[in-house]
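S.K.: Contents of protein06.cif (mmCIF, C-alpha atoms and all ligand atoms):
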data_model
#
loop_
_atom_site.label_atom_id
_atom_site.label_comp_id
_atom_site.auth_asym_id
_atom_site.auth_seq_id
_atom_site.Cartn_x
_atom_site.Cartn_y
_atom_site.Cartn_z
CA MET A 1 24.34 -16.64 -0.87
CA LYS A 2 21.97 -13.68 -0.49
CA SER A 3 19.83 -14.05 -3.57
CA HIS A 4 16.46 -14.94 -2.05
CA PHE A 5 13.86 -12.71 -0.45
CA ASP A 6 13.90 -14.31 3.01
CA THR A 7 17.69 -14.14 3.30
CA LYS A 8 17.93 -10.57 2.08
CA ALA A 9 15.10 -9.54 4.43
CA ILE A 10 17.24 -10.58 7.39
CA HIS A 11 20.82 -10.04 6.25
CA THR A 12 20.86 -6.62 4.58
CA GLY A 13 24.38 -5.32 5.27
CA TYR A 14 24.81 -2.38 7.65
CA PRO A 15 26.11 0.79 6.00
CA ARG A 16 28.64 1.18 8.85
CA GLN A 17 30.08 -1.06 11.53
CA ASP A 18 28.06 -0.74 14.76
CA PRO A 19 30.37 0.24 17.67
CA TYR A 20 28.87 -2.48 19.90
CA GLY A 21 28.30 -5.15 17.23
CA SER A 22 24.54 -4.87 17.74
CA LEU A 23 22.73 -7.58 15.74
CA GLN A 24 19.52 -5.55 15.65
CA PHE A 25 19.88 -2.22 13.85
CA PRO A 26 19.52 0.47 16.58
CA ALA A 27 16.68 3.01 16.55
CA TYR A 28 18.46 6.37 16.29
CA GLU A 29 15.84 8.35 18.21
CA THR A 30 17.39 11.74 17.64
CA SER A 31 16.30 14.88 15.82
CA ALA A 32 19.70 16.26 14.82
CA PHE A 33 23.31 15.24 14.15
CA GLU A 34 26.47 17.06 15.27
CA PHE A 35 29.30 18.31 13.03
CA ALA A 36 32.97 18.51 13.98
CA THR A 37 33.63 21.80 12.19
CA ALA A 38 31.90 24.73 10.51
CA GLU A 39 33.23 23.48 7.19
CA ALA A 40 31.60 20.08 7.74
CA MET A 41 28.27 21.87 8.28
CA VAL A 42 28.66 23.60 4.94
CA ASP A 43 29.19 20.21 3.29
CA ALA A 44 26.17 18.81 5.13
CA PHE A 45 23.89 21.56 3.87
CA ALA A 46 25.24 21.11 0.35
CA GLY A 47 23.96 17.53 0.60
CA THR A 48 27.27 15.64 0.74
CA VAL A 49 26.77 14.32 4.29
CA GLU A 50 24.13 11.67 4.92
CA PHE A 51 22.52 12.78 8.16
CA THR A 52 21.79 16.30 9.39
CA TYR A 53 18.22 16.34 10.68
CA SER A 54 15.71 13.50 11.09
CA ARG A 55 12.92 15.16 9.08
CA ILE A 56 15.20 14.73 6.05
CA SER A 57 17.01 11.48 6.80
CA ASN A 58 17.81 9.26 9.74
CA PRO A 59 20.09 6.19 9.95
CA THR A 60 17.33 3.78 11.06
CA VAL A 61 14.83 4.92 8.44
CA ASP A 62 17.57 4.97 5.83
CA TYR A 63 18.46 1.36 6.68
CA PHE A 64 14.77 0.37 6.42
CA GLU A 65 14.62 2.00 2.96
CA LYS A 66 17.83 0.24 1.95
CA ARG A 67 16.43 -3.14 3.00
CA VAL A 68 13.21 -2.55 1.06
CA ALA A 69 15.30 -1.53 -1.98
CA GLU A 70 17.41 -4.66 -1.68
CA ILE A 71 14.48 -7.08 -1.43
CA THR A 72 12.41 -5.40 -4.15
CA GLY A 73 15.31 -4.57 -6.47
CA ALA A 74 13.93 -1.03 -6.65
CA PHE A 75 15.78 1.99 -7.97
CA GLY A 76 14.74 4.22 -5.05
CA VAL A 77 12.68 3.78 -1.87
CA THR A 78 11.31 6.56 0.36
CA ALA A 79 9.55 5.89 3.68
CA PHE A 80 6.73 7.98 5.18
CA ASN A 81 4.87 8.10 8.45
CA SER A 82 1.69 6.55 6.98
CA GLY A 83 0.32 5.13 3.76
CA MET A 84 -1.70 8.32 3.23
CA ALA A 85 1.47 10.41 3.67
CA ALA A 86 3.07 8.31 0.92
CA ILE A 87 0.09 8.86 -1.42
CA SER A 88 -0.20 12.60 -0.75
CA ASN A 89 3.56 13.16 -1.12
CA LEU A 90 3.52 11.11 -4.31
CA PHE A 91 1.00 13.46 -5.89
CA MET A 92 2.74 16.55 -4.50
CA ASN A 93 5.71 15.20 -6.44
CA ILE A 94 4.14 14.47 -9.83
CA ALA A 95 1.01 16.66 -10.06
CA CYS A 96 0.64 20.41 -10.59
CA THR A 97 -2.28 22.77 -11.23
CA GLY A 98 -4.00 21.72 -14.45
CA ALA A 99 -2.85 18.11 -14.21
CA ASN A 100 -5.31 15.22 -14.01
CA ILE A 101 -5.20 11.79 -12.39
CA VAL A 102 -6.95 8.92 -14.15
CA THR A 103 -8.23 6.28 -11.73
CA SER A 104 -11.13 4.06 -10.75
CA PRO A 105 -13.85 5.21 -8.32
CA HIS A 106 -13.21 1.94 -6.48
CA LEU A 107 -10.56 3.24 -4.12
CA PHE A 108 -9.59 3.15 -0.47
CA GLY A 109 -11.85 5.81 1.15
CA ASN A 110 -9.13 8.30 2.08
CA SER A 111 -7.43 8.02 -1.33
CA TYR A 112 -10.79 8.80 -2.92
CA SER A 113 -11.24 11.82 -0.66
CA LEU A 114 -7.64 13.01 -1.27
CA PHE A 115 -8.31 13.06 -5.02
CA ALA A 116 -11.93 14.21 -5.09
CA SER A 117 -11.69 16.90 -2.36
CA THR A 118 -8.17 17.88 -1.28
CA LEU A 119 -6.25 17.82 -4.56
CA LYS A 120 -9.24 19.22 -6.43
CA ARG A 121 -8.93 22.47 -4.43
CA PHE A 122 -5.38 22.83 -5.78
CA GLY A 123 -6.60 22.56 -9.36
CA VAL A 124 -5.79 18.88 -9.90
CA GLU A 125 -8.62 17.07 -11.65
CA VAL A 126 -9.51 13.46 -10.94
CA ARG A 127 -11.02 11.44 -13.80
CA PHE A 128 -12.79 8.30 -12.67
CA CYS A 129 -13.18 5.53 -15.21
CA ASP A 130 -13.74 1.80 -15.49
CA LEU A 131 -10.26 0.22 -15.56
CA THR A 132 -11.58 -2.94 -17.21
CA ASP A 133 -12.48 -0.85 -20.29
CA LEU A 134 -9.06 -0.33 -21.92
CA ASN A 135 -10.40 1.94 -24.69
CA GLY A 136 -12.20 4.05 -22.11
CA VAL A 137 -8.96 4.40 -20.14
CA ALA A 138 -7.01 5.35 -23.28
CA ASN A 139 -9.62 7.98 -24.20
CA THR A 140 -9.68 9.46 -20.69
CA ILE A 141 -5.92 10.05 -20.69
CA ASP A 142 -4.71 13.29 -22.27
CA GLY A 143 -1.55 15.43 -22.40
CA ASN A 144 -2.15 16.67 -18.82
CA THR A 145 -2.54 13.23 -17.23
CA CYS A 146 0.15 12.85 -14.54
CA ALA A 147 -0.61 9.22 -13.65
CA LEU A 148 -2.85 6.24 -14.04
CA PHE A 149 -3.45 5.33 -10.40
CA LEU A 150 -4.98 2.06 -9.23
CA GLU A 151 -5.17 -0.41 -6.38
CA ILE A 152 -4.04 -3.89 -7.46
CA ILE A 153 -7.03 -5.44 -5.65
CA THR A 154 -9.64 -2.86 -4.73
CA ASN A 155 -10.77 -2.64 -1.15
CA PRO A 156 -13.44 -3.75 -0.37
CA GLN A 157 -14.80 -4.64 -3.85
CA LEU A 158 -11.84 -6.99 -4.54
CA GLU A 159 -11.70 -6.15 -8.23
CA ILE A 160 -8.43 -6.79 -10.02
CA ALA A 161 -6.94 -4.61 -12.73
CA ASP A 162 -5.13 -6.26 -15.65
CA LEU A 163 -1.75 -4.61 -15.03
CA LYS A 164 0.01 -5.74 -18.21
CA ALA A 165 -2.85 -4.57 -20.43
CA LEU A 166 -3.10 -1.22 -18.63
CA SER A 167 0.65 -0.70 -18.67
CA THR A 168 0.62 -1.15 -22.46
CA VAL A 169 -2.05 1.55 -22.73
CA VAL A 170 -0.18 4.04 -20.53
CA ARG A 171 3.22 3.35 -22.17
CA GLN A 172 1.79 4.46 -25.50
CA LYS A 173 0.49 7.65 -23.85
CA ASN A 174 3.75 8.32 -21.94
CA VAL A 175 1.94 8.23 -18.59
CA PRO A 176 3.30 6.44 -15.49
CA LEU A 177 1.46 3.47 -13.96
CA VAL A 178 1.22 4.07 -10.21
CA ALA A 179 -0.15 1.19 -8.12
CA ASP A 180 -1.18 0.89 -4.49
CA THR A 181 0.13 -2.65 -3.86
CA THR A 182 -0.75 -2.81 -0.14
CA VAL A 183 -3.05 -5.84 -0.45
CA VAL A 184 -0.47 -8.33 -1.80
CA PRO A 185 3.00 -7.70 -0.32
CA PHE A 186 6.15 -7.61 -2.45
CA CYS A 187 7.41 -10.94 -1.08
CA ALA A 188 4.63 -12.66 -3.07
CA TRP A 189 4.96 -11.04 -6.54
CA LYS A 190 6.95 -8.45 -8.54
CA ALA A 191 4.95 -5.38 -9.58
CA LYS A 192 7.74 -4.23 -11.91
CA ASP A 193 7.29 -7.37 -14.06
CA PHE A 194 3.71 -6.22 -14.74
CA GLY A 195 4.71 -2.71 -15.83
CA VAL A 196 4.17 -0.81 -12.56
CA ASP A 197 6.45 2.25 -12.46
CA ILE A 198 5.79 3.45 -8.92
CA GLU A 199 4.54 1.22 -6.10
CA LEU A 200 2.88 2.59 -3.03
CA VAL A 201 2.54 0.46 0.09
CA SER A 202 0.84 1.15 3.40
CA SER A 203 3.43 -0.58 5.59
CA THR A 204 1.02 -0.17 8.52
CA LYS A 205 -0.50 -3.40 7.19
CA TYR A 206 1.52 -6.62 6.67
CA ILE A 207 4.97 -5.04 7.00
CA SER A 208 4.56 -3.50 10.47
CA GLY A 209 4.45 -7.04 11.85
CA GLY A 210 1.19 -6.90 13.77
CA ALA A 211 -0.13 -3.31 13.69
CA THR A 212 2.87 -2.03 15.66
CA THR A 213 3.30 1.28 13.82
CA LEU A 214 2.01 3.39 10.94
CA GLY A 215 4.09 3.67 7.79
CA GLY A 216 4.08 4.16 4.04
CA ILE A 217 6.60 3.40 1.31
CA LEU A 218 7.08 4.70 -2.22
CA VAL A 219 9.00 2.24 -4.38
CA ASP A 220 10.41 3.82 -7.54
CA HIS A 221 11.31 1.16 -10.11
CA GLY A 222 13.20 3.72 -12.22
CA THR A 223 11.25 2.60 -15.31
CA PHE A 224 9.52 5.84 -16.31
CA ASP A 225 11.05 8.74 -18.22
CA TRP A 226 9.86 11.85 -16.35
CA THR A 227 12.15 14.33 -18.06
CA ASP A 228 9.53 16.12 -20.17
CA LYS A 229 6.84 16.26 -17.44
CA PRO A 230 6.06 19.86 -16.39
CA ALA A 231 6.04 19.11 -12.63
CA MET A 232 9.51 17.56 -12.91
CA LYS A 233 11.21 20.34 -14.91
CA ASP A 234 13.75 21.40 -12.25
CA PHE A 235 14.85 17.81 -11.61
CA ALA A 236 15.12 16.48 -15.17
CA ILE A 237 18.95 16.61 -14.88
CA PHE A 238 18.68 13.51 -12.67
CA GLY A 239 17.48 11.41 -15.63
CA GLN A 240 16.31 8.00 -14.43
CA GLY A 241 16.48 9.35 -10.85
CA THR A 242 14.15 12.32 -11.49
CA PHE A 243 11.18 11.03 -9.46
CA THR A 244 13.16 10.05 -6.37
CA ALA A 245 15.44 13.12 -6.57
CA LYS A 246 12.52 15.55 -6.52
CA LEU A 247 10.75 13.54 -3.86
CA ARG A 248 13.76 13.57 -1.54
CA LYS A 249 15.27 16.96 -2.28
CA GLU A 250 12.05 18.96 -2.32
CA ILE A 251 8.70 17.38 -1.50
CA HIS A 252 9.59 15.16 1.39
CA ARG A 253 11.63 17.92 3.10
CA ASN A 254 8.89 20.49 2.66
CA MET A 255 5.99 18.26 3.70
CA GLY A 256 7.72 16.77 6.76
CA ALA A 257 6.07 13.34 6.58
CA TYR A 258 9.16 11.14 6.95
CA MET A 259 8.90 7.84 8.81
CA THR A 260 9.99 7.94 12.47
CA PRO A 261 13.04 5.95 13.69
CA HIS A 262 10.86 3.93 16.07
CA ALA A 263 8.48 2.90 13.25
CA ALA A 264 11.42 2.02 10.99
CA GLN A 265 12.90 -0.28 13.62
CA ALA A 266 9.56 -2.04 14.26
CA GLN A 267 9.02 -2.44 10.52
CA LEU A 268 12.53 -3.78 9.93
CA LEU A 269 11.60 -6.58 12.29
CA GLY A 270 8.28 -6.96 10.47
CA LEU A 271 10.08 -7.40 7.14
CA GLU A 272 12.06 -10.32 8.56
CA THR A 273 8.90 -12.41 9.06
CA LEU A 274 6.81 -10.92 6.23
CA SER A 275 6.79 -13.89 3.87
CA LEU A 276 6.16 -16.40 6.69
CA ARG A 277 3.21 -14.45 8.05
CA PHE A 278 1.79 -13.72 4.61
CA ALA A 279 1.92 -17.39 3.57
CA LYS A 280 -0.05 -18.38 6.67
CA VAL A 281 -2.71 -15.63 6.65
CA ALA A 282 -3.31 -15.88 2.90
CA ALA A 283 -3.67 -19.68 3.04
CA SER A 284 -6.09 -19.30 5.97
CA CYS A 285 -8.04 -16.69 4.01
CA LEU A 286 -8.49 -19.06 1.05
CA HIS A 287 -9.56 -21.87 3.39
CA ILE A 288 -12.10 -19.69 5.20
CA ALA A 289 -13.46 -18.29 1.92
CA ASP A 290 -13.91 -21.81 0.63
CA ARG A 291 -15.72 -22.98 3.79
CA LEU A 292 -17.95 -19.89 3.95
CA GLN A 293 -19.38 -20.84 0.55
CA GLN A 294 -21.08 -23.77 2.28
CA VAL A 295 -22.65 -21.71 5.10
CA SER A 296 -26.35 -21.20 4.36
CA GLN A 297 -26.72 -17.68 5.86
CA VAL A 298 -23.83 -16.39 3.73
CA GLN A 299 -25.10 -15.13 0.37
CA ILE A 300 -21.95 -14.22 -1.55
CA VAL A 301 -18.31 -14.93 -0.71
CA ASN A 302 -15.84 -12.69 -2.51
CA TYR A 303 -12.18 -13.74 -2.64
CA PRO A 304 -10.25 -13.76 -5.94
CA GLY A 305 -8.43 -16.97 -4.95
CA LEU A 306 -11.71 -18.94 -5.26
CA ALA A 307 -12.07 -20.75 -8.59
CA SER A 308 -15.65 -19.41 -8.85
CA ASN A 309 -14.46 -15.78 -8.69
CA PRO A 310 -14.56 -13.76 -11.95
CA PHE A 311 -10.99 -12.49 -11.27
CA TYR A 312 -9.56 -15.95 -10.47
CA ASP A 313 -7.46 -16.33 -13.67
CA LEU A 314 -6.10 -12.80 -13.57
CA ALA A 315 -5.33 -13.10 -9.84
CA GLY A 316 -3.42 -16.32 -10.51
CA LYS A 317 -1.38 -14.72 -13.30
CA GLN A 318 -0.44 -11.67 -11.28
CA PHE A 319 -0.27 -12.82 -7.67
CA GLY A 320 -0.27 -16.62 -7.67
CA ALA A 321 -2.75 -18.81 -5.79
CA LEU A 322 -3.10 -16.54 -2.73
CA PRO A 323 -4.26 -13.02 -3.65
CA GLY A 324 -4.10 -11.41 -0.21
CA ALA A 325 -5.63 -12.12 3.19
CA MET A 326 -8.84 -10.13 2.89
CA LEU A 327 -12.25 -11.45 1.89
CA THR A 328 -15.79 -10.13 1.97
CA PHE A 329 -19.12 -11.85 2.33
CA ASP A 330 -22.72 -10.73 2.19
CA LEU A 331 -25.46 -11.42 4.71
CA PRO A 332 -29.18 -10.89 3.93
CA SER A 333 -29.38 -7.35 5.43
CA LYS A 334 -27.54 -4.60 7.26
CA GLU A 335 -29.32 -5.68 10.47
CA ALA A 336 -28.07 -9.25 10.01
CA CYS A 337 -24.53 -7.87 9.56
CA PHE A 338 -24.72 -5.90 12.82
CA ILE A 339 -26.17 -8.82 14.82
CA PHE A 340 -23.40 -11.05 13.46
CA LEU A 341 -20.63 -8.52 14.25
CA ASN A 342 -21.89 -8.03 17.81
CA ARG A 343 -21.89 -11.78 18.51
CA LEU A 344 -18.25 -12.38 17.52
CA LYS A 345 -16.02 -13.44 20.41
CA LEU A 346 -12.60 -13.94 18.83
CA ILE A 347 -12.49 -11.83 15.67
CA LYS A 348 -11.97 -8.16 16.52
CA ARG A 349 -14.25 -5.36 15.35
CA ALA A 350 -11.59 -2.93 14.02
CA THR A 351 -10.80 -0.90 10.92
CA ASN A 352 -7.22 -1.96 10.16
CA LEU A 353 -6.06 -4.64 7.69
CA PHE A 354 -3.44 -7.40 7.90
CA ASP A 355 -2.78 -7.34 11.62
CA ASN A 356 -1.69 -10.61 13.28
CA LYS A 357 -5.23 -10.63 14.71
CA SER A 358 -8.27 -11.18 12.50
CA LEU A 359 -10.24 -7.96 12.06
CA ILE A 360 -13.76 -7.38 10.82
CA ILE A 361 -15.80 -4.37 9.72
CA HIS A 362 -19.03 -3.32 8.01
CA PRO A 363 -17.50 -0.96 5.38
CA ALA A 364 -20.71 0.82 4.24
CA SER A 365 -21.49 2.24 7.71
CA THR A 366 -17.90 3.00 8.75
CA ILE A 367 -15.13 3.68 6.19
CA PHE A 368 -17.75 4.83 3.66
CA GLY A 369 -20.27 6.08 6.27
CA THR A 370 -19.85 9.79 5.46
CA PHE A 371 -20.28 9.27 1.72
CA SER A 372 -23.71 9.83 0.13
CA GLN A 373 -25.75 6.83 -0.98
CA GLU A 374 -25.14 7.89 -4.58
CA VAL A 375 -21.35 7.85 -4.12
CA ARG A 376 -21.53 4.52 -2.26
CA ASP A 377 -23.52 3.05 -5.16
CA ARG A 378 -20.96 4.37 -7.65
CA MET A 379 -18.20 2.81 -5.53
CA ASN A 380 -20.11 -0.48 -5.35
CA ILE A 381 -20.27 -0.47 -1.54
CA SER A 382 -23.21 -2.58 -0.37
CA ASP A 383 -25.00 -2.40 2.98
CA HIS A 384 -24.97 -6.21 3.13
CA THR A 385 -21.20 -6.66 2.94
CA ILE A 386 -18.78 -7.58 5.72
CA ARG A 387 -15.01 -7.37 5.28
CA LEU A 388 -12.73 -9.81 7.06
CA SER A 389 -8.96 -9.45 7.32
CA VAL A 390 -7.59 -12.86 8.26
CA GLY A 391 -4.91 -13.03 10.96
CA LEU A 392 -2.53 -15.66 12.30
CA GLU A 393 -5.02 -17.51 14.52
CA ASP A 394 -5.87 -21.14 13.70
CA SER A 395 -8.41 -21.02 10.86
CA ALA A 396 -10.58 -23.67 12.59
CA ASP A 397 -11.07 -21.30 15.54
CA LEU A 398 -11.91 -18.42 13.22
CA LEU A 399 -14.50 -20.52 11.38
CA GLU A 400 -15.94 -21.64 14.69
CA ASP A 401 -16.34 -18.01 15.80
CA ILE A 402 -18.02 -17.08 12.48
CA ARG A 403 -20.40 -20.07 12.71
CA GLN A 404 -21.43 -19.35 16.33
CA ALA A 405 -21.99 -15.63 15.52
CA LEU A 406 -24.23 -16.51 12.57
CA GLY A 407 -26.37 -18.41 15.10
C1 LIG A 501 -4.60 1.33 4.83
C2 LIG A 501 -4.50 1.61 3.39
C3 LIG A 501 -4.02 2.84 2.94
C4 LIG A 501 -3.65 3.97 3.86
O1 LIG A 501 -2.58 3.65 4.69
P1 LIG A 501 -2.36 4.28 6.16
O2 LIG A 501 -1.07 3.67 6.59
O3 LIG A 501 -3.53 3.90 7.00
O4 LIG A 501 -2.28 5.76 5.98
C5 LIG A 501 -3.93 3.02 1.57
N1 LIG A 501 -4.28 2.06 0.70
C6 LIG A 501 -4.73 0.86 1.10
C7 LIG A 501 -5.10 -0.18 0.09
C8 LIG A 501 -4.87 0.59 2.46
O5 LIG A 501 -5.34 -0.60 2.87
#
Go ahead and render the structure in this file as structure tokens.
M.R.:
Amino acid sequence: MKSHFDTKAIHTGYPRQDPYGSLQFPAYETSAFEFATAEAMVDAFAGTVEFTYSRISNPTVDYFEKRVAEITGAFGVTAFNSGMAAISNLFMNIACTGANIVTSPHLFGNSYSLFASTLKRFGVEVRFCDLTDLNGVANTIDGNTCALFLEIITNPQLEIADLKALSTVVRQKNVPLVADTTVVPFCAWKAKDFGVDIELVSSTKYISGGATTLGGILVDHGTFDWTDKPAMKDFAIFGQGTFTAKLRKEIHRNMGAYMTPHAAQAQLLGLETLSLRFAKVAASCLHIADRLQQVSQVQIVNYPGLASNPFYDLAGKQFGALPGAMLTFDLPSKEACFIFLNRLKLIKRATNLFDNKSLIIHPASTIFGTFSQEVRDRMNISDHTIRLSVGLEDSADLLEDIRQALG
């Protein structure tokens, strides 16, 4: 009776009976947990008791992780206080000095900066390559590669990596495939079926249920054998559980980036309506993309769900007919973009993605504004591009706002 996503997302069993029969899982807003005896404290510190201190684990966050594990079928799930915390803790877990990360230069701005600046100072090398060139990827990987990292649909270029083809390449090289799957939520497709070993999600986006809270999730599918990786040496005894064991027993405790109980409760509620909201915003996004193609001032409309898009077939194979709720379009100049943005009345000028409200931004001057022109060119960020994240409003009203702002 609990085999489908929507049912599991609402009816995940509680680990313990609630004393008041609360239907909503309570937010345990507490830092520490009491022990009846000195002996019980010894057990707690030896790791045999679930909850000691909320930097390490907390009942509400634990329940959120359990629900994500149940609906994704994952081996292990760990929640963080932002998507960036999830990415940085992920690489604290699997990288070490001398390791390299193979990835595309077409990355979310902060992920790019984490690799190219922060991790670089700790002796971790980032190797940028074109992920559509499978031979190039294979030749870039070597014995020190700790991961092939990619975004399933790059933001804002909206390029799609062929996950099955890339997973075949990395399997042969004994390297894990790590994917940022934020743009298409796990209710709509199964990353594990395409060879993804570790999934990383910014739950600030669709899952938070309307930009309520920040959050990040690492989903370990338990599919990669980490036991001979140098960074994982001390945890190899955990076998299939090596990644999650090191993450929970060492990295996540030492970095202190665990999700808060308040965020976990908000995001539990978000999970309950995730597939409903995604179906509506993604269908609206396709409709708006289609209509924008007929607007004369709009030069290029980029959405991989459009039949004219070069990634249409691949998007369909991996994500179905609705590859996310984000599209971009080009206007004739940067000035035209700014005039358009300033005339909007309904769509909000804001940097987030996948809120219940539609959000719009000029990426080149904001998210990528501190990057040099050369880097922006390499990342394929154009001055003429506008990014729209489609919300739950009626798509006719959104189109009306876009039309009036184009003048
Ligand atoms: C927003 C975002 C992130 C970062 O997540 P935060 O929760 O803002 O830290 C990472 N990757 C992608 C694709 C994103 O859209």
S.K.: Taking all atoms of range 220-231 of chain A that the file lists, what box with edges along x, y and z, padded by 4 Å per side, do you get, with centre and edge lengths in Å to one decimal, as AutoDock Vina command-line options?
M.R.:
--center_x 9.6 --center_y 10.5 --center_z -13.9 --size_x 15.2 --size_y 26.7 --size_z 20.6
S.K.: Just the residues within 12 Å of range 238-252 of chain A, please, counting only C-alpha atoms, with nothing from its chain fewer than 5 positions along; format it as a PyMOL selection string.
M.R.: chain A and resi 45-47+54-57+62+74-81+85-95+176+197-198+218-229+231-233+257-259
S.K.: What are the closest atom pairs, with distances in Å to one decimal, for each residue of chain A lying within 6 Å of ligand LIG 501 (chain A), using only C-alpha atoms and all ligand atoms, rows by chain and rising residue number, as JSON lines?
M.R.:
{"residue": "A:Ser82", "atom": "CA", "partner": "A:LIG501", "partner_atom": "O2", "distance": 4.0}
{"residue": "A:Gly83", "atom": "CA", "partner": "A:LIG501", "partner_atom": "O1", "distance": 3.4}
{"residue": "A:Met84", "atom": "CA", "partner": "A:LIG501", "partner_atom": "O4", "distance": 3.8}
{"residue": "A:Phe108", "atom": "CA", "partner": "A:LIG501", "partner_atom": "N1", "distance": 5.5}
{"residue": "A:Thr182", "atom": "CA", "partner": "A:LIG501", "partner_atom": "C7", "distance": 5.1}
{"residue": "A:Ser202", "atom": "CA", "partner": "A:LIG501", "partner_atom": "O1", "distance": 4.4}
{"residue": "A:Thr204", "atom": "CA", "partner": "A:LIG501", "partner_atom": "O2", "distance": 4.8}
{"residue": "A:Leu214", "atom": "CA", "partner": "A:LIG501", "partner_atom": "O2", "distance": 5.3}
{"residue": "A:Gly215", "atom": "CA", "partner": "A:LIG501", "partner_atom": "O2", "distance": 5.3}
{"residue": "A:Gly216", "atom": "CA", "partner": "A:LIG501", "partner_atom": "O2", "distance": 5.8}
S.K.: Taking all atoms listed in the file into account, name the residue in A:Ile386, A:Ile381, A:Leu359, A:Val42 that is nearest to Leu398 in chain A.
M.R.: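 Smallest distance to Leu398 in chain A is found for A:Leu359.
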S.K.: Residues within 7 Å of range 129-142 of chain A, please, as a list in words. Count only C-alpha atoms; anything in the same chain fewer than 4 positions from it doesn't count.
M.R.: Val102, Thr103, Ser104, Pro105, Ala161, Leu166 and Val169 of chain A
S.K.: Mind pulling up the distance from CA of Pro323 in chain A to CA of Lys164 in chain A?
M.R.: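 CA of Lys164 in chain A sits 16.8 Å away from CA of Pro323 in chain A.
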S.K.: Using only C-alpha atoms, find the one residue out of A:Phe338, A:Phe149, A:Phe122, A:Tyr28 that sits nearest to Thr97 in chain A.
M.R.: A:Phe122
S.K.: Please determine, counting all atoms listed in the file, which residue among A:Asn254, A:Leu392, A:Gln299, A:Lys8 has the shortest atom-to-atom distance to Leu276 in chain A.
M.R.: A:Leu392
S.K.: Please provide as a compact mmCIF listing (two decimals) with C-alpha atoms, keeping the file's coordinate frame all residues within 9 Å of range 183-193 of chain A, with the sequence filter that same-chain residues fewer than 3 positions apart are discarded (counting all atoms listed in the file).
M.R.:
# COMPACT_ATOMS: atom_id res chain seq x y z
CA PHE A 5 13.86 -12.71 -0.45
CA ASP A 6 13.90 -14.31 3.01
CA ILE A 71 14.48 -7.08 -1.43
CA THR A 72 12.41 -5.40 -4.15
CA ALA A 74 13.93 -1.03 -6.65
CA GLU A 151 -5.17 -0.41 -6.38
CA ILE A 152 -4.04 -3.89 -7.46
CA ILE A 153 -7.03 -5.44 -5.65
CA THR A 154 -9.64 -2.86 -4.73
CA ASN A 155 -10.77 -2.64 -1.15
CA LEU A 163 -1.75 -4.61 -15.03
CA LYS A 164 0.01 -5.74 -18.21
CA ALA A 179 -0.15 1.19 -8.12
CA ASP A 180 -1.18 0.89 -4.49
CA VAL A 196 4.17 -0.81 -12.56
CA ASP A 197 6.45 2.25 -12.46
CA ILE A 198 5.79 3.45 -8.92
CA GLU A 199 4.54 1.22 -6.10
CA VAL A 201 2.54 0.46 0.09
CA SER A 202 0.84 1.15 3.40
CA LYS A 205 -0.50 -3.40 7.19
CA TYR A 206 1.52 -6.62 6.67
CA ILE A 207 4.97 -5.04 7.00
CA HIS A 221 11.31 1.16 -10.11
CA THR A 223 11.25 2.60 -15.31
CA LEU A 274 6.81 -10.92 6.23
CA SER A 275 6.79 -13.89 3.87
CA PHE A 278 1.79 -13.72 4.61
CA ALA A 279 1.92 -17.39 3.57
CA GLN A 318 -0.44 -11.67 -11.28
CA PHE A 319 -0.27 -12.82 -7.67
CA GLY A 320 -0.27 -16.62 -7.67
CA LEU A 322 -3.10 -16.54 -2.73
CA PRO A 323 -4.26 -13.02 -3.65
CA GLY A 324 -4.10 -11.41 -0.21
CA ALA A 325 -5.63 -12.12 3.19
CA MET A 326 -8.84 -10.13 2.89
CA LEU A 353 -6.06 -4.64 7.69
CA PHE A 354 -3.44 -7.40 7.90
